[in-house]
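Shown here: target_6.pdb, PDB, C-alpha atoms (C1' of nucleotides).
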ATOM      1  CA  MET A  23       0.000   0.000   0.000
ATOM      2  CA  PRO A  24       2.495   2.624   0.862
ATOM      3  CA  GLU A  25       4.390   4.920  -1.420
ATOM      4  CA  LEU A  26       5.308   8.446  -0.496
ATOM      5  CA  PRO A  27       1.791   9.965  -0.610
ATOM      6  CA  GLU A  28       0.250   7.152   1.427
ATOM      7  CA  VAL A  29       2.981   7.343   4.060
ATOM      8  CA  GLU A  30       2.593  11.122   4.201
ATOM      9  CA  THR A  31      -1.149  10.651   4.651
ATOM     10  CA  VAL A  32      -0.577   8.299   7.576
ATOM     11  CA  VAL A  33       1.821  10.800   9.169
ATOM     12  CA  LEU A  34      -0.727  13.597   8.810
ATOM     13  CA  SER A  35      -3.420  11.402  10.333
ATOM     14  CA  ILE A  36      -1.496  10.521  13.517
ATOM     15  CA  ARG A  37       0.857  13.459  14.092
ATOM     16  CA  ASP A  38      -1.397  15.712  16.156
ATOM     17  CA  GLN A  39      -2.442  12.964  18.526
ATOM     18  CA  LEU A  40       1.118  11.754  18.992
ATOM     19  CA  VAL A  41       3.313  14.816  19.408
ATOM     20  CA  GLY A  42       3.749  15.684  23.069
ATOM     21  CA  GLN A  43       2.695  12.232  24.245
ATOM     22  CA  ASN A  44       4.829   9.348  25.452
ATOM     23  CA  PHE A  45       4.618   5.572  25.332
ATOM     24  CA  ILE A  46       4.297   3.544  28.499
ATOM     25  CA  ASN A  47       4.508   0.068  27.000
ATOM     26  CA  ILE A  48       4.757  -2.019  23.832
ATOM     27  CA  ASN A  49       3.084  -5.336  23.074
ATOM     28  CA  VAL A  50       4.893  -7.372  20.464
ATOM     29  CA  HIS A  51       2.877 -10.105  18.767
ATOM     30  CA  TRP A  52       5.245 -10.756  15.850
ATOM     31  CA  PRO A  53       8.797 -10.536  17.221
ATOM     32  CA  LYS A  54      10.457  -9.983  13.847
ATOM     33  CA  VAL A  55       8.690  -6.630  13.568
ATOM     34  CA  LEU A  56      11.455  -5.163  15.755
ATOM     35  CA  PHE A  57      14.289  -5.209  13.243
ATOM     36  CA  ASN A  58      17.348  -4.014  15.153
ATOM     37  CA  PHE A  59      16.253  -3.860  18.785
ATOM     38  CA  SER A  60      14.329  -5.786  21.432
ATOM     39  CA  LYS A  61      11.252  -5.099  23.495
ATOM     40  CA  GLN A  62      13.576  -4.463  26.435
ATOM     41  CA  ASP A  63      15.484  -1.897  24.381
ATOM     42  CA  PHE A  64      12.189  -0.143  23.713
ATOM     43  CA  LEU A  65      11.314  -0.150  27.418
ATOM     44  CA  ASP A  66      14.796   1.059  28.374
ATOM     45  CA  ASN A  67      15.178   3.775  25.741
ATOM     46  CA  LEU A  68      11.797   4.982  24.513
ATOM     47  CA  VAL A  69       9.247   4.513  27.261
ATOM     48  CA  ARG A  70       8.237   7.751  29.026
ATOM     49  CA  ARG A  71      10.208   9.789  26.502
ATOM     50  CA  ASN A  72       8.483  12.794  24.990
ATOM     51  CA  ILE A  73       7.531  12.356  21.320
ATOM     52  CA  THR A  74       8.842  15.614  19.916
ATOM     53  CA  ASN A  75       7.916  15.187  16.264
ATOM     54  CA  VAL A  76       6.354  12.853  13.693
ATOM     55  CA  HIS A  77       7.434  13.160  10.094
ATOM     56  CA  ARG A  78       8.088  11.241   6.886
ATOM     57  CA  ARG A  79      11.467  10.450   5.340
ATOM     58  CA  ALA A  80      11.183   8.514   2.071
ATOM     59  CA  LYS A  81       8.655   5.786   2.948
ATOM     60  CA  PHE A  82       9.533   5.769   6.639
ATOM     61  CA  ILE A  83       7.301   7.169   9.363
ATOM     62  CA  VAL A  84       9.718   8.721  11.837
ATOM     63  CA  LEU A  85       8.817   9.315  15.481
ATOM     64  CA  SER A  86      11.411  11.582  17.093
ATOM     65  CA  PHE A  87      12.406  11.533  20.750
ATOM     66  CA  ASP A  88      14.885  14.371  20.793
ATOM     67  CA  LYS A  89      17.740  12.771  18.851
ATOM     68  CA  ASP A  90      16.546   9.181  19.030
ATOM     69  CA  ILE A  91      14.092   7.958  16.437
ATOM     70  CA  LEU A  92      11.679   5.098  15.990
ATOM     71  CA  ALA A  93      11.341   4.592  12.231
ATOM     72  CA  ILE A  94       8.419   2.534  10.943
ATOM     73  CA  HIS A  95       8.275   1.052   7.453
ATOM     74  CA  LEU A  96       4.876  -0.202   6.269
ATOM     75  CA  ARG A  97       6.250  -2.260   3.360
ATOM     76  CA  MET A  98       3.306  -3.781   1.475
ATOM     77  CA  THR A  99       0.418  -4.089   3.902
ATOM     78  CA  GLY A 100       1.298  -2.219   7.091
ATOM     79  CA  LYS A 101      -1.235   0.074   8.735
ATOM     80  CA  LEU A 102      -0.607   2.399  11.653
ATOM     81  CA  TYR A 103      -3.612   3.778  13.499
ATOM     82  CA  PHE A 104      -5.080   4.568  16.895
ATOM     83  CA  ALA A 105      -7.393   2.296  18.802
ATOM     84  CA  ASP A 106      -9.127   3.067  22.069
ATOM     85  CA  SER A 107      -8.440  -0.213  23.784
ATOM     86  CA  LYS A 108      -7.187  -3.694  23.111
ATOM     87  CA  THR A 109      -8.249  -4.655  19.627
ATOM     88  CA  ASN A 110      -8.896  -8.204  18.600
ATOM     89  CA  GLU A 111      -8.000  -7.576  15.000
ATOM     90  CA  LYS A 112      -6.019 -10.289  13.327
ATOM     91  CA  HIS A 113      -2.552  -9.484  11.979
ATOM     92  CA  ILE A 114      -1.463  -7.062  14.696
ATOM     93  CA  SER A 115       2.337  -7.134  14.702
ATOM     94  CA  ALA A 116       2.678  -4.762  17.637
ATOM     95  CA  SER A 117       0.820  -2.120  19.596
ATOM     96  CA  MET A 118       2.114   0.666  21.812
ATOM     97  CA  GLU A 119       0.311   2.114  24.790
ATOM     98  CA  LEU A 120       0.309   5.860  25.289
ATOM     99  CA  ASP A 121       0.022   7.451  28.699
ATOM    100  CA  ASN A 122      -3.295   9.002  27.670
ATOM    101  CA  GLY A 123      -4.809   5.534  27.356
ATOM    102  CA  GLN A 124      -4.706   5.303  23.581
ATOM    103  CA  GLN A 125      -3.084   2.500  21.636
ATOM    104  CA  LEU A 126      -1.004   3.029  18.533
ATOM    105  CA  VAL A 127      -1.541  -0.167  16.566
ATOM    106  CA  PHE A 128       0.616  -1.629  13.814
ATOM    107  CA  GLU A 129      -1.420  -4.057  11.731
ATOM    108  CA  ASP A 130       0.289  -5.913   8.919
ATOM    109  CA  ILE A 131      -1.210  -8.838   7.031
ATOM    110  CA  ARG A 132       1.940  -9.916   5.225
ATOM    111  CA  LYS A 133       4.275  -9.181   8.152
ATOM    112  CA  PHE A 134       6.899  -7.421   6.028
ATOM    113  CA  GLY A 135       6.693  -4.145   7.956
ATOM    114  CA  ARG A 136       9.473  -3.272  10.408
ATOM    115  CA  PHE A 137      10.343  -0.936  13.284
ATOM    116  CA  TYR A 138      13.885   0.468  13.490
ATOM    117  CA  TYR A 139      15.498   2.224  16.421
ATOM    118  CA  TYR A 140      18.371   4.644  15.817
ATOM    119  CA  THR A 141      20.070   7.206  18.016
ATOM    120  CA  SER A 142      19.776   9.741  15.201
ATOM    121  CA  GLN A 143      18.314  10.058  11.736
ATOM    122  CA  ASP A 144      21.767  10.043  10.140
ATOM    123  CA  PHE A 145      21.630   6.343   9.394
ATOM    124  CA  LEU A 146      18.497   6.758   7.290
ATOM    125  CA  ASP A 147      19.747   9.882   5.549
ATOM    126  CA  LYS A 148      22.972   8.138   4.621
ATOM    127  CA  LYS A 149      21.274   5.305   2.736
ATOM    128  CA  LEU A 150      18.332   7.225   1.258
ATOM    129  CA  GLY A 151      18.280   9.454  -1.805
ATOM    130  CA  ILE A 152      16.764  12.850  -2.485
ATOM    131  CA  GLU A 153      13.235  13.778  -1.428
ATOM    132  CA  PRO A 154      11.277  14.282  -4.661
ATOM    133  CA  LEU A 155       9.103  16.988  -3.100
ATOM    134  CA  GLY A 156      12.105  18.864  -1.723
ATOM    135  CA  ASP A 157      13.443  22.069  -3.267
ATOM    136  CA  SER A 158      16.721  20.491  -4.333
ATOM    137  CA  PHE A 159      14.976  17.956  -6.565
ATOM    138  CA  THR A 160      14.996  19.883  -9.853
ATOM    139  CA  ALA A 161      15.065  19.097 -13.565
ATOM    140  CA  GLU A 162      18.781  19.926 -13.564
ATOM    141  CA  TRP A 163      19.406  17.495 -10.712
ATOM    142  CA  LEU A 164      17.489  14.787 -12.554
ATOM    143  CA  ILE A 165      19.251  15.396 -15.873
ATOM    144  CA  GLU A 166      22.620  15.152 -14.167
ATOM    145  CA  ASN A 167      21.774  12.018 -12.202
ATOM    146  CA  LEU A 168      20.210  10.127 -15.127
ATOM    147  CA  ARG A 169      23.068  10.913 -17.470
ATOM    148  CA  CYS A 170      25.696   9.214 -15.313
ATOM    149  CA  LYS A 171      23.818   5.878 -15.112
ATOM    150  CA  LYS A 172      22.799   3.320 -17.708
ATOM    151  CA  ARG A 173      19.982   1.488 -15.991
ATOM    152  CA  MET A 174      16.441   1.023 -17.150
ATOM    153  CA  ILE A 175      14.596   4.119 -16.011
ATOM    154  CA  LYS A 176      11.947   2.172 -14.139
ATOM    155  CA  ALA A 177      14.504   0.350 -12.002
ATOM    156  CA  LEU A 178      16.336   3.591 -11.336
ATOM    157  CA  LEU A 179      13.207   5.442 -10.201
ATOM    158  CA  LEU A 180      12.342   2.598  -7.837
ATOM    159  CA  ASP A 181      15.817   2.695  -6.263
ATOM    160  CA  GLN A 182      15.394   4.440  -2.899
ATOM    161  CA  ARG A 183      19.110   5.272  -2.725
ATOM    162  CA  ILE A 184      18.656   7.695  -5.624
ATOM    163  CA  ILE A 185      15.147   9.158  -5.279
ATOM    164  CA  ALA A 186      13.369   8.246  -2.066
ATOM    165  CA  GLY A 187       9.646   7.632  -1.966
ATOM    166  CA  LEU A 188       8.536   6.527  -5.418
ATOM    167  CA  GLY A 189       6.978   3.089  -5.837
ATOM    168  CA  ASN A 190       5.387   0.970  -8.522
ATOM    169  CA  ILE A 191       2.166   2.937  -9.002
ATOM    170  CA  TYR A 192       3.582   6.441  -9.252
ATOM    171  CA  VAL A 193       6.546   5.400 -11.400
ATOM    172  CA  ASP A 194       4.179   3.933 -13.993
ATOM    173  CA  GLU A 195       2.007   7.045 -13.900
ATOM    174  CA  CYS A 196       4.916   9.479 -14.194
ATOM    175  CA  LEU A 197       6.646   7.603 -17.019
ATOM    176  CA  TRP A 198       3.390   7.563 -18.956
ATOM    177  CA  GLN A 199       2.827  11.279 -18.370
ATOM    178  CA  SER A 200       6.308  12.133 -19.588
ATOM    179  CA  GLY A 201       6.262   9.800 -22.601
ATOM    180  CA  ILE A 202       9.144   7.583 -21.493
ATOM    181  CA  HIS A 203       9.221   3.827 -22.044
ATOM    182  CA  PRO A 204       9.994   2.096 -18.717
ATOM    183  CA  GLU A 205      12.878   0.108 -20.235
ATOM    184  CA  THR A 206      14.696   3.111 -21.681
ATOM    185  CA  ARG A 207      18.275   3.440 -20.401
ATOM    186  CA  SER A 208      18.477   6.509 -18.186
ATOM    187  CA  ASN A 209      21.370   8.034 -20.151
ATOM    188  CA  LYS A 210      19.416   7.838 -23.422
ATOM    189  CA  ILE A 211      16.412   9.916 -22.368
ATOM    190  CA  GLN A 212      15.987  13.291 -24.049
ATOM    191  CA  LYS A 213      16.321  16.351 -21.808
ATOM    192  CA  LYS A 214      12.853  17.480 -22.788
ATOM    193  CA  ASN A 215      11.392  14.246 -21.458
ATOM    194  CA  ILE A 216      13.431  14.462 -18.264
ATOM    195  CA  ARG A 217      11.993  17.897 -17.592
ATOM    196  CA  PHE A 218       8.504  16.480 -18.076
ATOM    197  CA  LEU A 219       9.390  13.616 -15.774
ATOM    198  CA  CYS A 220      10.545  15.932 -13.016
ATOM    199  CA  GLU A 221       7.377  18.001 -13.204
ATOM    200  CA  SER A 222       5.256  14.892 -13.398
ATOM    201  CA  ILE A 223       6.825  13.414 -10.252
ATOM    202  CA  LYS A 224       6.256  16.563  -8.229
ATOM    203  CA  ASN A 225       2.723  17.139  -9.502
ATOM    204  CA  THR A 226       1.608  13.543  -9.175
ATOM    205  CA  LEU A 227       2.911  13.074  -5.640
ATOM    206  CA  GLN A 228       1.478  16.395  -4.469
ATOM    207  CA  SER A 229      -1.909  15.720  -6.072
ATOM    208  CA  SER A 230      -2.034  12.313  -4.467
ATOM    209  CA  ILE A 231      -1.224  13.710  -1.025
ATOM    210  CA  THR A 232      -4.057  16.203  -1.493
ATOM    211  CA  ALA A 233      -6.373  13.289  -2.342
ATOM    212  CA  ARG A 234      -5.093  11.396   0.738
ATOM    213  CA  GLY A 235      -3.285   8.791  -1.350
ATOM    214  CA  THR A 236      -4.276   5.863  -3.514
ATOM    215  CA  THR A 237      -6.419   2.970  -2.400
ATOM    216  CA  VAL A 238      -6.058  -0.126  -4.565
ATOM    217  CA  VAL A 239      -9.001  -2.523  -4.532
ATOM    218  CA  ASN A 240     -10.646  -1.915  -1.208
ATOM    219  CA  PHE A 241      -7.528  -1.940   0.908
ATOM    220  CA  SER A 242      -7.570   1.072   3.171
ATOM    221  CA  PHE A 243      -4.838   2.238   5.493
ATOM    222  CA  LEU A 244      -6.750   4.614   7.761
ATOM    223  CA  ASN A 245      -9.334   2.614   9.655
ATOM    224  CA  GLY A 246     -11.741   2.403   6.774
ATOM    225  CA  LYS A 247     -10.962   5.722   5.117
ATOM    226  CA  THR A 248      -9.775   5.432   1.552
ATOM    227  CA  GLY A 249      -7.506   7.584  -0.574
ATOM    228  CA  LYS A 250      -9.163   9.151  -3.593
ATOM    229  CA  PHE A 251      -6.204   9.348  -5.952
ATOM    230  CA  SER A 252      -7.236   5.951  -7.390
ATOM    231  CA  ASN A 253      -9.697   7.908  -9.535
ATOM    232  CA  GLN A 254      -6.860   9.845 -11.128
ATOM    233  CA  LEU A 255      -4.731   6.856 -12.139
ATOM    234  CA  GLN A 256      -4.282   6.748 -15.916
ATOM    235  CA  VAL A 257      -2.193   3.633 -16.598
ATOM    236  CA  PHE A 258      -1.679   1.660 -13.388
ATOM    237  CA  GLY A 259      -4.052  -1.303 -13.475
ATOM    238  CA  LYS A 260      -5.442  -0.190 -16.836
ATOM    239  CA  ASP A 261      -3.985  -2.948 -19.006
ATOM    240  CA  GLY A 262      -6.413  -3.873 -21.768
ATOM    241  CA  GLN A 263      -8.045  -0.442 -21.649
ATOM    242  CA  PRO A 264      -7.486   2.374 -24.162
ATOM    243  CA  CYS A 265      -4.867   5.025 -23.446
ATOM    244  CA  VAL A 266      -6.734   8.249 -22.642
ATOM    245  CA  ILE A 267      -4.367  10.186 -24.903
ATOM    246  CA  CYS A 268      -4.147   8.026 -28.044
ATOM    247  CA  THR A 269      -6.643   5.162 -27.460
ATOM    248  CA  THR A 270      -3.949   2.518 -27.994
ATOM    249  CA  GLU A 271      -4.395  -0.431 -25.662
ATOM    250  CA  ILE A 272      -2.414  -0.158 -22.415
ATOM    251  CA  LYS A 273      -0.008  -3.076 -22.039
ATOM    252  CA  LYS A 274       1.351  -4.795 -18.950
ATOM    253  CA  LYS A 275       4.818  -6.288 -18.813
ATOM    254  CA  ARG A 276       7.362  -7.330 -16.207
ATOM    255  CA  VAL A 277      10.091  -4.688 -15.845
ATOM    256  CA  ALA A 278      12.598  -4.535 -12.999
ATOM    257  CA  GLY A 279      10.739  -7.440 -11.437
ATOM    258  CA  ARG A 280       7.478  -5.481 -11.178
ATOM    259  CA  GLY A 281       4.213  -5.493 -13.080
ATOM    260  CA  THR A 282       4.558  -2.471 -15.363
ATOM    261  CA  HIS A 283       1.811  -0.625 -17.222
ATOM    262  CA  PHE A 284       2.505   1.549 -20.253
ATOM    263  CA  CYS A 285       1.169   2.805 -23.564
ATOM    264  CA  PRO A 286       3.182   1.304 -26.463
ATOM    265  CA  ARG A 287       2.429   4.324 -28.627
ATOM    266  CA  CYS A 288       2.922   7.252 -26.214
ATOM    267  CA  GLN A 289       5.981   5.635 -24.607
ATOM    268  CA  LYS A 290       8.530   4.682 -27.261
ATOM    269  CA  ARG A 291      11.921   3.303 -26.302
ATOM    270  CA  GLN A 292      14.600   5.881 -26.921
ATOM    271  CA  TYR A 293      17.569   3.642 -27.657
TER     272      TYR A 293
ATOM    273  C1'  DC B  13      27.839  -1.712 -12.475
ATOM    274  C1'  DC B  14      23.499  -4.051 -13.746
ATOM    275  C1'  DA B  15      19.662  -7.538 -14.310
ATOM    276  C1'  DT B  16      17.199 -11.370 -12.495
ATOM    277  C1'  DG B  17      15.089 -14.304  -9.235
ATOM    278  C1'  DA B  18      14.288 -15.808  -4.696
ATOM    279  C1'  DA B  19      13.056 -14.818  -0.105
ATOM    280  C1'  DC B  20      10.155 -12.747   3.421
ATOM    281  C1'  DC B  21       4.271 -13.577   4.360
ATOM    282  C1'  DT B  22      -0.873 -13.758   3.705
ATOM    283  C1'  DG B  23      -4.911 -13.416   1.106
ATOM    284  C1'  DG B  24      -7.582 -12.378  -3.068
ATOM    285  C1'  DT B  25      -8.727 -13.663  -7.783
ATOM    286  C1'  DC B  26      -9.014 -16.422 -11.849
ATOM    287  C1'  DG B  27      -9.401 -20.582 -14.590
ATOM    288  C1'  DC B  28     -10.652 -25.347 -14.658
TER     289       DC B  28
ATOM    290  C1'  DT C  14     -17.457 -25.437  -4.174
ATOM    291  C1'  DG C  15     -12.662 -26.660  -4.359
ATOM    292  C1'  DC C  16      -7.879 -26.374  -5.698
ATOM    293  C1'  DG C  17      -3.712 -24.781  -7.676
ATOM    294  C1'  DA C  18      -1.390 -21.028  -9.963
ATOM    295  C1'  DC C  19      -0.453 -16.449  -9.885
ATOM    296  C1'  DC C  20      -0.578 -11.840  -8.296
ATOM    297  C1'  DA C  21       0.045  -7.900  -4.888
ATOM    298  C1'  DG C  22       1.541  -0.368  -3.528
ATOM    299  C1'  DG C  23       8.484  -3.125  -0.798
ATOM    300  C1'  DT C  24      13.180  -4.293   0.193
ATOM    301  C1'  DT C  25      17.242  -7.221   0.461
ATOM    302  C1'  DC C  26      20.321 -10.819  -0.830
ATOM    303  C1'  DA C  27      22.647 -14.112  -3.885
ATOM    304  C1'  DT C  28      24.047 -15.098  -8.467
ATOM    305  C1'  DG C  29      25.577 -14.528 -13.320
TER     306       DG C  29
END
Structure encoded using C-alpha cells:
Amino acid sequence: MPELPEVETVVLSIRDQLVGQNFININVHWPKVLFNFSKQDFLDNLVRRNITNVHRRAKFIVLSFDKDILAIHLRMTGKLYFADSKTNEKHISASMELDNGQQLVFEDIRKFGRFYYYTSQDFLDKKLGIEPLGDSFTAEWLIENLRCKKRMIKALLLDQRIIAGLGNIYVDECLWQSGIHPETRSNKIQKKNIRFLCESIKNTLQSSITARGTTVVNFSFLNGKTGKFSNQLQVFGKDGQPCVICTTEIKKKRVAGRGTHFCPRCQKRQY
DNA sequence: CCATGAACCTGGTCGC
DNA sequence: TGCGACCAGGTTCATG
C-alpha cells in the first residue's frame, strides 16, 4: 500500500495525537517486527520519553524523541492507526500504549513491515536518496543524475538510494505522463522528457497527497478511510483499456521485477 | 555496475 | 465449491 503519498497521509493522520505524548509500554505479537532492537530496548530507551515530532522520510514514518528515532516502514500491507483499547484484529504485529490511554496499533497482514530504532536520523539519511518533493529535486538534478547511469529508467526510479519515496504505481504514472518507455536506459532519455518527468513526479505526488493517497481494490490504510487518488490513475491497473491520450491499448509487462503498465504508442523506447 | 530471481508472508482472484 | 497457480503499492540478498 504505501508509497510516499500514502505514508505522508498516515503521518498527517497521527501526528497531532502523537506529538507531546509518550509511550508507556509495547506489546509485540510478531517478534520480527522489531528489526534491530528488542522489546527491552524499547522499554529502556523509549518509554516515558516525549515524542517531539512525527514526520516522513522517504517511505519511513519517523517518530522523534529528541535525537533518538523510531522509524516505521509499512512495506506492502502495514497500517498504523489509533485504537481506544485492546483490539482483537487479526494481523497485529505490535501495539504501543500511550500514557493518555490510547493505543497506537501496527497491523500488517503480510508481516513485512518493520520498526527500526536509531540514536539519530543520520543512518536513514545516509542510505536514502533525495526527497522528490524537496526544493533540491529539480530538472537539472534529474538530468545530471540520469546521465551518469545506464539502468532502465523504471529500475532507477524505484531505487530508494537515488530518489526516495517513489513506488510501482507512481513510477508507472509518471513515465506515462512524460512519454518515457519504462525500459529506456536513463542516459538515453531526451532532456525534454526528463523535464517532463521531473514536473510529473512533483505534480503527481502532491496531487495524491491532497487526495489522501491511492487505495487499490478496497484496501484502506486509515481505519476504513480510503484515498481518492485511485480515480486519477491513468495507466496503473489499466492494461487492456485504451490510453486516454491516443486510445492505444495499455499493455502490462514485467520490468525490474514489477508489473509495469505503459502505452506502447505514447511511450517509445529511446535507444 | 546491472539484471534477475528468490526470499520474506498472507490473502484475493481467476481458470478449470 | 474446491484447488492450484499467480498476483500484490516493498526491500534485500545471492548469483551470473
What does the structure give for the distance between CA of Phe137 in chain A and CA of Leu56 in chain A, in Å to one decimal? 5.0 Å
Interface list for chain A, partner chain B, 12 Å threshold, only C-alpha atoms (C1' of nucleotides), as number ranges by chain: A: 52, 54-55, 97-99, 112-113, 130-136, 170-174, 177-178, 205, 207, 239-241, 276-280
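Atom to atom, CA of Leu126 in chain A and CA of Ser142 in chain A stand 22.1 Å apart.
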In terms of all atoms listed in the file, the residue from A:Val32, A:Asp88, A:Asn58, A:Gly262 at minimal distance from Asn72 in chain A is A:Asp88
Taking only C-alpha atoms (C1' of nucleotides) into account and nothing else, which residues of chain C lie no more than 12 Å away from chain A? Please answer as number ranges by chain. C: 20-25
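The coordinates place CA of Phe284 in chain A at 23.4 Å from CA of Asn167 in chain A.
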For this file, the PyMOL selection byres ((chain A and resi 116) around 6) selects which residues, as a list in words?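 Output of the PyMOL selection byres ((chain A and resi 116) around 6): Asn49, Val50, His51, Ile114, Ser115, Ser117 and Phe128 of chain A.
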